[in-house]
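Heads up, the thing below is written out as structure tokens.
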Amino acid sequence: MHATISASGSETKNGARNLRWRVVDIVVASVIGVAVGVVFWAWGVAWAPISAPIEALLPGLQAAPAAVWLIAGVLGGLIIRKPGAALYTELVAAIVSALIGSQWGGLLTIEAGLIQGLGAELVFALFLYRYWRFPVALLAGAAAGLGMAINDLVLWYAGAAPAFATIYTLSAVVGGALIAGGLSWLAMRGLARAGALGRFAAGRELQAV
Amino acid sequence: MSIATVRSDLPLATINPVAKVAATIPLSIGLVLTLDPVSAGVAILCELIVFTAVGLGPLLWSPRTLPVWIAAPLTGVSMVLYGQPSGTTYWQFGLIEVSEGSIAIGLATMARVIAIALPAVVLFLTIDPTDFADGLAQTLRLPARFVLGALAALRLVGSSIDDWRTLALARRARGVADLGFIRRSLGQAFALLVLAIRRGGTLATAMESRGFGAPVERTWARTATFGAREWRVIAVGCLVAAVSVSAAILTGSWNLVWA
Amino acid sequence: MAGGAIAASAPASIEARGWGWRHGGRRVHAVSGLDLRVEPGERVLLLGASGAGKSTLLHGLAGVLGGDDEGESLGELMVDGRPASAARGRSGLVLQDPDSQIVMARVGDDVAFGLENLGVPADEIWSRVGAALDAVGLAMPLDHSTAALSGGQRQRLALAGVLAMRPGLILLDEPTANLDPEGVYEVRDAVARVADETGATLVVIEHRVSVWLPIIDRVVVLGHGGVIADGRPDEVLVGHAAPLRAAGVWLPSDVPWHAHPSRARDIQPLMTAHRLDIARVPGVPVQRGIDLRVDSGSITAITGPNGAGKSTLALTMAGLLRPEGGRLDPGAPMAGARGNEPWRWRSRDLLTRIGTVFQHPEHQFLTGSVLAELEVGPRALKMSPAERSERIEPLLASLRLEALTAANPFTLSGGEKRRLSVATVLATRPRMLVLDEPTFGQDANTWRELARLIAGLRDEGVGVVAVTHDETFIDAVADSRFVLAVGGTAAMRDVPASDRSHGGGGSA
């Protein structure tokens, strides 16, 4: 004896957007999160011994390159384009980092991912999950950066002087906008042109095959 | 060590990961609220004792915990240089102001990072991703589609690492590997993303063809338990938190962060 | 366990009536106007040119094409009288890529995945898992890591996962295209066993027909606009041989093509390995003490089982991997680069000396268009625009890429990608060419093209090293064969000249 499964009721009439997550949405969002989590770890292993001592001397600018970690959320949101995408993708990246062994410890790494993903998610939500142009991506990156700054300053740099805190926040926001927002948007367009996003709206808006 | 599976003979490996994460919560909250050397120091001591007693001592010094041991002093140095100044100023240069107060902040920060991060990192190294997924979906009842989708994506890490190495060799073969490291790395990362997303699409199709994502009540081949052992682990976590916080309050060193 | 351990569910029937599908975002239908009926228990081989819609049909039968938001369907596609999209547990699909179908980290968990999705009670799951693994011949502990499996084992694992669900319809989309010869027969035998034991209906897409001929009883050929041919294998394969050959199918009746012996003159050594030790990971040598010489105007095939270090050897001789020990001496035609160690040469210096074509063309693509891709090498050599186009124009023509100059390399078909990867390497006219599995996954047409191209290059004096499992390719073009064995022995053997006496440029 066996069981059969009927098709899920996610079909919609032509024209209406389908905001329910398909399996391919979940898996590709997870793949992006996992890829960023692993790359971030590998980059950390390669660069940290060199850059970390330098960064320790910087008055807060080190937040800018750390924005690489925020790419997961913004890129996930731009590609999947469904509610929760930015949050979920950033969370997956954080969990992968935690499992490999991040320096902030498992729980707080995941919590950081949650807040950063939430920043980007709020921006996409503000635009009603309809607008995915370059400025929106920049804003989402900036918001994720803001989340990262608040999280780090409250938890880890609690004793910092105001100047450090200000520079840290500004670096995080600008770095977030340019790196997490700008690079993610460019990556999304590149992926669409490379035909990797055929099952997503992001890919179809470019295709005219 | 890969993140794919964890040997089941590792101490604590078979404890429900949800319990292990939960065990770190009281300590994280307690230590985050304060910035003082006593709470952090006592916590570190307790952690070293507990982990060595359980048999996880070697993990404390493994390459995977190295990030903590490196990041903690560096964060401390950051605070020594840029922490809230108070007391005698020893050195000032631009925005840098090394003072009595900032040195104290720096030391406390370093201890705090170690105290919070160390147990979390060590415990996470005993977490098998499949068990973690089972715990999240069965114990915490998070949506199974998302949990299992993320777990499946982990399978592609090995292929992606192989891809990365081959991509690097190919760039050398194509004559572009002499200069422009950053540009090349970005290009490599992009190519990696293309390949990874493609694989993800295939994986999604394979999962769907095996019935994944359909509105049928799924069953579980592996059961996630949550029993006495899990509660014991959480209790130990609460205990360490309580001892550290009490020690700080009793010695008057407790220092609420935003006061 | 004895045969019959897999309890069977009734085999499924297939019916397509005017069925068509258009992927969202494309204007052209992938399939249209398809009428087909398959009886329960039949075993069908699906053939046709690429783009004829074979994969789309299989995905449709498996119910994984997506809903209305992903494309548009016409007509009806039924499995057992019910719409295919509504009957997912009734069919099982095995895809081409062994690495992208694994869901879980442990073998047992992976097979159990489908059962969990179907809501099978936990106590029943594990017995079905065991039976499925036995049926495909994977006798290993349930907690064996899935990452440690070979390609053939992975495909059998996917088959086991499908089998445990007890489908009435088994769908296989080029299941052996990415496997070495050993894996190909492993999988074919496992499918045969499974089909015999369960009696399920079988639909297979493959272009190496002779492998699957023993187990199928019907051949259906698809073209644009529906079924072109349908009937018993011997009828269809003979009666429609011409269009099938044009579509790139490997017909059992084909006469193998052989190149003439090398016409190159002035043979010189290009690269000589003296007691070379090779390693992928520094410090872990895979082979030791290799002595091998690559001459201009010759084709050397490197063969051996998986794990013997064939790719590692090729990449080391190409100057991409560092030798673990011994020496790699470049010959006179390679002079001019800094020093005598190819490993230390500048990346730019490799371009005119050694060209490397990787197993998967995608690893080599750097740019967003075919034209830019071809220009990468010449640009790195600082050629002027005039020189660049003088190099590139003939390549575009000879490798039939003229219509594709603006296309993104990642969007090309398999054969086009392979041609592009070879073209980019030839743009800088290297003296030595290293190819890693050049005929991997290629249909007959691209295969023939490549073989002719490589033989032609050899006549012009290029020294070719090809890592390959493909015996037909070795028989066709190789002058000598270098065999690696796992655990360290390596030996050079000549391909007997008598095999290549069938006159130049045969008609296959």
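Starting from 1 in every chain, residues are counted up; chains themselves are A, B, ... following the order of the structure tokens, and ligands are numbered from 1 as listed.
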
Give me, as number ranges by chain, all polymer residues having an atom no more than 12 Å from Gly200 in chain B, counting only C-alpha atoms and skipping those fewer than 3 positions away in the same chain.
A: 23-35, 196-197, 199; B: 149-150, 152-157, 159-160, 193-197, 203-207; C: 97, 99-103

Suppose we keep N, CA and C atoms; can you now write the selection as a tab-separated table (two decimals), in the first residue's frame?
chain	number	residue	atom	x	y	z
A	23	VAL	N	8.59	24.98	-2.72
A	23	VAL	CA	9.77	24.22	-2.27
A	23	VAL	C	11.04	24.83	-2.86
A	24	VAL	N	10.99	25.24	-4.14
A	24	VAL	CA	12.20	25.79	-4.75
A	24	VAL	C	12.58	27.12	-4.07
A	25	ASP	N	11.60	27.88	-3.60
A	25	ASP	CA	11.91	29.10	-2.86
A	25	ASP	C	12.67	28.76	-1.59
A	26	ILE	N	12.17	27.80	-0.85
A	26	ILE	CA	12.80	27.43	0.42
A	26	ILE	C	14.22	26.93	0.17
A	27	VAL	N	14.38	26.03	-0.80
A	27	VAL	CA	15.69	25.41	-1.00
A	27	VAL	C	16.70	26.43	-1.52
A	28	VAL	N	16.31	27.27	-2.49
A	28	VAL	CA	17.27	28.24	-3.02
A	28	VAL	C	17.62	29.29	-1.97
A	29	ALA	N	16.62	29.74	-1.19
A	29	ALA	CA	16.93	30.67	-0.10
A	29	ALA	C	17.92	30.02	0.86
A	30	SER	N	17.71	28.75	1.16
A	30	SER	CA	18.63	28.05	2.06
A	30	SER	C	20.02	27.95	1.44
A	31	VAL	N	20.07	27.68	0.14
A	31	VAL	CA	21.36	27.56	-0.53
A	31	VAL	C	22.12	28.88	-0.45
A	32	ILE	N	21.40	29.99	-0.67
A	32	ILE	CA	22.06	31.29	-0.57
A	32	ILE	C	22.58	31.51	0.84
A	33	GLY	N	21.74	31.20	1.82
A	33	GLY	CA	22.16	31.36	3.21
A	33	GLY	C	23.37	30.51	3.52
A	34	VAL	N	23.34	29.26	3.09
A	34	VAL	CA	24.46	28.35	3.36
A	34	VAL	C	25.71	28.84	2.65
A	35	ALA	N	25.58	29.26	1.39
A	35	ALA	CA	26.74	29.72	0.64
A	35	ALA	C	27.38	30.92	1.31
A	196	ALA	N	20.24	31.62	-14.07
A	196	ALA	CA	20.12	30.79	-12.87
A	196	ALA	C	18.80	30.99	-12.16
A	197	LEU	N	18.05	32.06	-12.54
A	197	LEU	CA	16.85	32.39	-11.79
A	197	LEU	C	15.59	32.15	-12.61
A	199	ARG	N	13.26	30.11	-12.47
A	199	ARG	CA	12.01	29.79	-11.79
A	199	ARG	C	11.54	30.92	-10.88
B	149	GLY	N	14.22	22.11	4.44
B	149	GLY	CA	14.81	22.75	3.27
B	149	GLY	C	16.21	23.25	3.58
B	150	ALA	N	16.36	23.87	4.75
B	150	ALA	CA	17.67	24.38	5.14
B	150	ALA	C	18.64	23.22	5.36
B	152	ALA	N	18.63	20.31	3.93
B	152	ALA	CA	19.02	19.74	2.63
B	152	ALA	C	20.07	20.61	1.96
B	153	ALA	N	19.94	21.94	2.12
B	153	ALA	CA	20.90	22.83	1.47
B	153	ALA	C	22.32	22.59	1.98
B	154	LEU	N	22.44	22.11	3.22
B	154	LEU	CA	23.77	21.82	3.75
B	154	LEU	C	24.49	20.75	2.95
B	155	ARG	N	23.73	19.90	2.31
B	155	ARG	CA	24.33	18.81	1.51
B	155	ARG	C	25.16	19.36	0.38
B	156	LEU	N	24.87	20.58	-0.05
B	156	LEU	CA	25.56	21.11	-1.22
B	156	LEU	C	26.88	21.79	-0.87
B	157	VAL	N	27.20	21.85	0.43
B	157	VAL	CA	28.43	22.53	0.83
B	157	VAL	C	29.65	21.84	0.24
B	159	SER	N	29.96	20.00	-2.48
B	159	SER	CA	30.09	20.30	-3.91
B	159	SER	C	30.57	21.73	-4.11
B	160	SER	N	30.07	22.65	-3.28
B	160	SER	CA	30.47	24.04	-3.46
B	160	SER	C	31.94	24.25	-3.14
B	193	LEU	N	28.02	31.08	-6.82
B	193	LEU	CA	26.60	31.29	-6.54
B	193	LEU	C	25.75	30.75	-7.68
B	194	VAL	N	26.18	30.99	-8.92
B	194	VAL	CA	25.42	30.47	-10.06
B	194	VAL	C	25.31	28.95	-9.96
B	195	LEU	N	26.45	28.31	-9.75
B	195	LEU	CA	26.46	26.86	-9.69
B	195	LEU	C	25.64	26.35	-8.50
B	196	ALA	N	25.77	27.02	-7.36
B	196	ALA	CA	25.06	26.56	-6.16
B	196	ALA	C	23.55	26.69	-6.33
B	197	ILE	N	23.11	27.82	-6.92
B	197	ILE	CA	21.68	28.00	-7.10
B	197	ILE	C	21.12	26.99	-8.09
B	203	LEU	N	17.93	20.12	-6.59
B	203	LEU	CA	17.60	19.51	-5.30
B	203	LEU	C	16.13	19.72	-4.96
B	204	ALA	N	15.63	20.93	-5.22
B	204	ALA	CA	14.23	21.21	-4.92
B	204	ALA	C	13.32	20.28	-5.74
B	205	THR	N	13.65	20.11	-7.01
B	205	THR	CA	12.85	19.21	-7.84
B	205	THR	C	12.90	17.78	-7.30
B	206	ALA	N	14.10	17.35	-6.93
B	206	ALA	CA	14.23	15.98	-6.40
B	206	ALA	C	13.41	15.82	-5.12
B	207	MET	N	13.44	16.83	-4.26
B	207	MET	CA	12.69	16.74	-3.01
B	207	MET	C	11.19	16.72	-3.27
C	97	ASP	N	22.05	14.54	-12.17
C	97	ASP	CA	23.20	14.96	-11.38
C	97	ASP	C	23.30	14.20	-10.06
C	99	ASP	N	25.12	14.59	-7.56
C	99	ASP	CA	25.44	15.38	-6.38
C	99	ASP	C	24.27	16.21	-5.88
C	100	SER	N	23.27	16.42	-6.70
C	100	SER	CA	22.21	17.36	-6.33
C	100	SER	C	20.90	16.69	-5.95
C	101	GLN	N	20.91	15.39	-5.69
C	101	GLN	CA	19.66	14.74	-5.31
C	101	GLN	C	19.70	14.19	-3.89
C	102	ILE	N	20.82	14.41	-3.22
C	102	ILE	CA	20.94	13.88	-1.86
C	102	ILE	C	20.34	14.88	-0.90
C	103	VAL	N	19.44	14.42	-0.03
C	103	VAL	CA	18.75	15.32	0.87
C	103	VAL	C	19.33	15.28	2.29

For chain C against chain B, which residues fall within 7 Å using only C-alpha atoms, given as a ChimeraX atom specification?
/C:62,64,88-89,92-93,100-105,112,114,116-122,125,162,320,346-348,350-351,355-356,363-364,377,380

Residues of chain A within 8 Å of chain B, counting only C-alpha atoms, what are they? List them as number ranges by chain.
A: 5-8, 22-24, 26-28, 30-32, 34-35, 38, 52-53, 56-59, 92, 98-108, 155-164, 187, 191, 194, 196

Which neighbours of Met432 in chain C fall inside 8 Å, counting only C-alpha atoms, when residues of the same chain fewer than 2 positions from it are skipped, and could you give them as a list of chain:residue names?
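Non-adjacent residues within range: C:Leu270, C:Ser296, C:Arg353, C:Ile354, C:Gly355, C:Pro430, C:Val434, C:Val462, C:Gly463, C:Val464, C:Val465.
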
Backbone DSSP call of helix (DSSP H, G or I) for range 34-178 of chain B, listed as a PyMOL selection string:
chain B and resi 37-54+57-61+66-82+100-124+129-139+144-154+157-173

If we count only C-alpha atoms and set the cut-off at 9 Å, which residues sit around Ile299 in chain C, ignoring sequence neighbours fewer than 4 positions away in its own chain? Please answer as a PyMOL selection string.
chain C and resi 262+294-295+454-455+458+462-466+477-481

Could you give me, as a list in words, the residues within 7 Å of range 235-243 of chain B, counting only C-alpha atoms and dropping anything in the same chain fewer than 4 positions from it?
Ala23, Thr24, Pro26, Leu27, Gly30, Ala43, Cys46, Trp231 and Ala247 of chain B

With a distance threshold of 10 Å and counting only C-alpha atoms, extract the residues of chain C near chain A and express them as a PDB file with N, CA and C atoms, in the first residue's frame.
ATOM      1  N   ALA C   7       7.505  -5.084  -1.594  1.00  0.00           N
ATOM      2  CA  ALA C   7       6.099  -5.264  -1.926  1.00  0.00           C
ATOM      3  C   ALA C   7       5.745  -4.259  -3.009  1.00  0.00           C
ATOM      4  N   ALA C   8       5.091  -4.732  -4.029  1.00  0.00           N
ATOM      5  CA  ALA C   8       4.846  -3.838  -5.155  1.00  0.00           C
ATOM      6  C   ALA C   8       3.483  -3.212  -5.048  1.00  0.00           C
ATOM      7  N   SER C   9       3.368  -2.011  -5.575  1.00  0.00           N
ATOM      8  CA  SER C   9       2.041  -1.473  -5.795  1.00  0.00           C
ATOM      9  C   SER C   9       1.774  -1.627  -7.278  1.00  0.00           C
ATOM     10  N   ALA C  10       0.524  -1.497  -7.664  1.00  0.00           N
ATOM     11  CA  ALA C  10       0.178  -1.780  -9.047  1.00  0.00           C
ATOM     12  C   ALA C  10       0.896  -0.843  -9.997  1.00  0.00           C
ATOM     13  N   HIS C  23       7.035  26.814 -20.326  1.00  0.00           N
ATOM     14  CA  HIS C  23       7.629  27.351 -19.101  1.00  0.00           C
ATOM     15  C   HIS C  23       7.337  28.833 -19.013  1.00  0.00           C
ATOM     16  N   GLY C  24       6.999  29.319 -17.821  1.00  0.00           N
ATOM     17  CA  GLY C  24       6.763  30.744 -17.644  1.00  0.00           C
ATOM     18  C   GLY C  24       7.998  31.516 -18.052  1.00  0.00           C
ATOM     19  N   GLY C  25       7.834  32.628 -18.730  1.00  0.00           N
ATOM     20  CA  GLY C  25       9.014  33.391 -19.126  1.00  0.00           C
ATOM     21  C   GLY C  25       9.573  32.965 -20.465  1.00  0.00           C
ATOM     22  N   ARG C  26       9.061  31.911 -21.056  1.00  0.00           N
ATOM     23  CA  ARG C  26       9.502  31.560 -22.412  1.00  0.00           C
ATOM     24  C   ARG C  26       8.311  31.712 -23.343  1.00  0.00           C
ATOM     25  N   ARG C  27       8.596  32.037 -24.607  1.00  0.00           N
ATOM     26  CA  ARG C  27       7.482  32.201 -25.547  1.00  0.00           C
ATOM     27  C   ARG C  27       7.140  30.891 -26.231  1.00  0.00           C
ATOM     28  N   VAL C  28       8.185  30.042 -26.375  1.00  0.00           N
ATOM     29  CA  VAL C  28       7.979  28.806 -27.145  1.00  0.00           C
ATOM     30  C   VAL C  28       7.584  27.669 -26.212  1.00  0.00           C
ATOM     31  N   GLY C  63       4.927  15.302 -11.782  1.00  0.00           N
ATOM     32  CA  GLY C  63       4.134  16.308 -11.105  1.00  0.00           C
ATOM     33  C   GLY C  63       4.953  17.442 -10.513  1.00  0.00           C
ATOM     34  N   VAL C  64       6.144  17.699 -11.050  1.00  0.00           N
ATOM     35  CA  VAL C  64       7.001  18.721 -10.458  1.00  0.00           C
ATOM     36  C   VAL C  64       7.217  19.923 -11.362  1.00  0.00           C
ATOM     37  N   GLY C  66       5.328  22.487 -11.600  1.00  0.00           N
ATOM     38  CA  GLY C  66       4.876  23.726 -10.989  1.00  0.00           C
ATOM     39  C   GLY C  66       3.440  24.017 -11.375  1.00  0.00           C
ATOM     40  N   GLY C  67       2.851  24.920 -10.680  1.00  0.00           N
ATOM     41  CA  GLY C  67       1.447  25.236 -10.913  1.00  0.00           C
ATOM     42  C   GLY C  67       1.257  26.290 -11.982  1.00  0.00           C
ATOM     43  N   ASP C  68       0.104  26.942 -11.947  1.00  0.00           N
ATOM     44  CA  ASP C  68      -0.222  27.942 -12.951  1.00  0.00           C
ATOM     45  C   ASP C  68       0.737  29.123 -12.924  1.00  0.00           C
ATOM     46  N   ASP C  69       1.357  29.365 -11.783  1.00  0.00           N
ATOM     47  CA  ASP C  69       2.231  30.534 -11.741  1.00  0.00           C
ATOM     48  C   ASP C  69       3.580  30.248 -12.356  1.00  0.00           C
ATOM     49  N   GLU C  70       3.832  29.006 -12.734  1.00  0.00           N
ATOM     50  CA  GLU C  70       5.150  28.672 -13.284  1.00  0.00           C
ATOM     51  C   GLU C  70       5.103  28.394 -14.762  1.00  0.00           C
ATOM     52  N   GLY C  71       3.928  28.287 -15.333  1.00  0.00           N
ATOM     53  CA  GLY C  71       3.855  27.979 -16.754  1.00  0.00           C
ATOM     54  C   GLY C  71       2.426  27.669 -17.147  1.00  0.00           C
ATOM     55  N   GLU C  72       2.293  27.291 -18.379  1.00  0.00           N
ATOM     56  CA  GLU C  72       0.957  27.088 -18.915  1.00  0.00           C
ATOM     57  C   GLU C  72       0.866  25.694 -19.500  1.00  0.00           C
ATOM     58  N   PRO C  83      -4.917  13.333 -13.043  1.00  0.00           N
ATOM     59  CA  PRO C  83      -3.927  14.303 -13.534  1.00  0.00           C
ATOM     60  C   PRO C  83      -2.577  14.069 -12.861  1.00  0.00           C
ATOM     61  N   ALA C  84      -1.499  14.125 -13.648  1.00  0.00           N
ATOM     62  CA  ALA C  84      -0.165  13.813 -13.126  1.00  0.00           C
ATOM     63  C   ALA C  84       0.231  14.736 -11.989  1.00  0.00           C
ATOM     64  N   SER C  85      -0.189  15.989 -12.048  1.00  0.00           N
ATOM     65  CA  SER C  85       0.219  16.934 -11.006  1.00  0.00           C
ATOM     66  C   SER C  85      -0.428  16.603  -9.676  1.00  0.00           C
ATOM     67  N   ALA C  86      -1.465  15.779  -9.692  1.00  0.00           N
ATOM     68  CA  ALA C  86      -2.161  15.476  -8.443  1.00  0.00           C
ATOM     69  C   ALA C  86      -1.753  14.132  -7.870  1.00  0.00           C
ATOM     70  N   ALA C  87      -0.789  13.477  -8.455  1.00  0.00           N
ATOM     71  CA  ALA C  87      -0.496  12.102  -8.025  1.00  0.00           C
ATOM     72  C   ALA C  87       0.973  11.910  -7.748  1.00  0.00           C
ATOM     73  N   ARG C  88       1.556  12.769  -6.909  1.00  0.00           N
ATOM     74  CA  ARG C  88       3.010  12.720  -6.741  1.00  0.00           C
ATOM     75  C   ARG C  88       3.543  11.433  -6.151  1.00  0.00           C
ATOM     76  N   GLY C  89       2.863  10.793  -5.260  1.00  0.00           N
ATOM     77  CA  GLY C  89       3.436   9.596  -4.654  1.00  0.00           C
ATOM     78  C   GLY C  89       3.417   8.394  -5.576  1.00  0.00           C
ATOM     79  N   ARG C  90       2.746   8.547  -6.715  1.00  0.00           N
ATOM     80  CA  ARG C  90       2.538   7.419  -7.611  1.00  0.00           C
ATOM     81  C   ARG C  90       3.748   7.214  -8.519  1.00  0.00           C
ATOM     82  N   SER C  91       4.551   8.276  -8.676  1.00  0.00           N
ATOM     83  CA  SER C  91       5.698   8.147  -9.561  1.00  0.00           C
ATOM     84  C   SER C  91       6.959   8.592  -8.835  1.00  0.00           C
ATOM     85  N   LEU C 115       9.417   8.550   2.491  1.00  0.00           N
ATOM     86  CA  LEU C 115       8.386   7.897   3.300  1.00  0.00           C
ATOM     87  C   LEU C 115       7.833   8.840   4.350  1.00  0.00           C
ATOM     88  N   ASN C 117       7.623  12.034   4.022  1.00  0.00           N
ATOM     89  CA  ASN C 117       6.759  12.973   3.325  1.00  0.00           C
ATOM     90  C   ASN C 117       5.388  12.382   3.031  1.00  0.00           C
ATOM     91  N   LEU C 118       5.344  11.074   2.806  1.00  0.00           N
ATOM     92  CA  LEU C 118       4.076  10.439   2.486  1.00  0.00           C
ATOM     93  C   LEU C 118       3.260  10.110   3.723  1.00  0.00           C
ATOM     94  N   GLY C 119       3.834  10.342   4.893  1.00  0.00           N
ATOM     95  CA  GLY C 119       3.074  10.071   6.107  1.00  0.00           C
ATOM     96  C   GLY C 119       3.043   8.610   6.502  1.00  0.00           C
ATOM     97  N   VAL C 120       4.038   7.852   6.081  1.00  0.00           N
ATOM     98  CA  VAL C 120       4.096   6.435   6.460  1.00  0.00           C
ATOM     99  C   VAL C 120       4.472   6.334   7.939  1.00  0.00           C
ATOM    100  N   ALA C 164      11.514   3.114  -2.250  1.00  0.00           N
ATOM    101  CA  ALA C 164      10.882   2.899  -0.944  1.00  0.00           C
ATOM    102  C   ALA C 164       9.460   3.422  -0.935  1.00  0.00           C
ATOM    103  N   MET C 165       9.189   4.392  -1.811  1.00  0.00           N
ATOM    104  CA  MET C 165       7.851   4.961  -1.869  1.00  0.00           C
ATOM    105  C   MET C 165       6.881   4.051  -2.618  1.00  0.00           C
ATOM    106  N   ARG C 166       7.391   2.962  -3.177  1.00  0.00           N
ATOM    107  CA  ARG C 166       6.581   2.001  -3.932  1.00  0.00           C
ATOM    108  C   ARG C 166       5.797   2.688  -5.043  1.00  0.00           C
ATOM    109  N   PRO C 167       6.496   3.323  -5.974  1.00  0.00           N
ATOM    110  CA  PRO C 167       5.788   3.982  -7.055  1.00  0.00           C
ATOM    111  C   PRO C 167       5.354   2.984  -8.114  1.00  0.00           C
ATOM    112  N   GLY C 168       4.277   3.288  -8.799  1.00  0.00           N
ATOM    113  CA  GLY C 168       3.876   2.440  -9.906  1.00  0.00           C
ATOM    114  C   GLY C 168       4.587   2.848 -11.186  1.00  0.00           C
ATOM    115  N   THR C 367      32.932  35.673 -18.090  1.00  0.00           N
ATOM    116  CA  THR C 367      32.280  36.904 -18.528  1.00  0.00           C
ATOM    117  C   THR C 367      30.810  36.671 -18.816  1.00  0.00           C
ATOM    118  N   GLY C 368      30.163  37.743 -19.298  1.00  0.00           N
ATOM    119  CA  GLY C 368      28.732  37.665 -19.545  1.00  0.00           C
ATOM    120  C   GLY C 368      28.340  37.432 -20.987  1.00  0.00           C
ATOM    121  N   SER C 369      29.303  37.249 -21.884  1.00  0.00           N
ATOM    122  CA  SER C 369      28.910  36.973 -23.265  1.00  0.00           C
ATOM    123  C   SER C 369      29.962  36.087 -23.913  1.00  0.00           C
ATOM    124  N   ALA C 407      25.243  35.809 -26.366  1.00  0.00           N
ATOM    125  CA  ALA C 407      24.588  35.004 -25.328  1.00  0.00           C
ATOM    126  C   ALA C 407      25.468  34.881 -24.095  1.00  0.00           C
ATOM    127  N   ASN C 408      24.831  34.770 -22.952  1.00  0.00           N
ATOM    128  CA  ASN C 408      25.554  34.539 -21.704  1.00  0.00           C
ATOM    129  C   ASN C 408      26.021  33.086 -21.677  1.00  0.00           C
ATOM    130  N   PRO C 409      27.292  32.862 -21.408  1.00  0.00           N
ATOM    131  CA  PRO C 409      27.821  31.490 -21.490  1.00  0.00           C
ATOM    132  C   PRO C 409      27.049  30.479 -20.646  1.00  0.00           C
ATOM    133  N   PHE C 410      26.532  30.901 -19.514  1.00  0.00           N
ATOM    134  CA  PHE C 410      25.827  29.956 -18.651  1.00  0.00           C
ATOM    135  C   PHE C 410      24.495  29.514 -19.233  1.00  0.00           C
ATOM    136  N   THR C 411      23.993  30.259 -20.228  1.00  0.00           N
ATOM    137  CA  THR C 411      22.679  29.907 -20.755  1.00  0.00           C
ATOM    138  C   THR C 411      22.764  29.003 -21.980  1.00  0.00           C
ATOM    139  N   LEU C 412      23.966  28.611 -22.371  1.00  0.00           N
ATOM    140  CA  LEU C 412      24.114  27.773 -23.562  1.00  0.00           C
ATOM    141  C   LEU C 412      23.752  26.328 -23.262  1.00  0.00           C
TER     142      LEU C 412
END
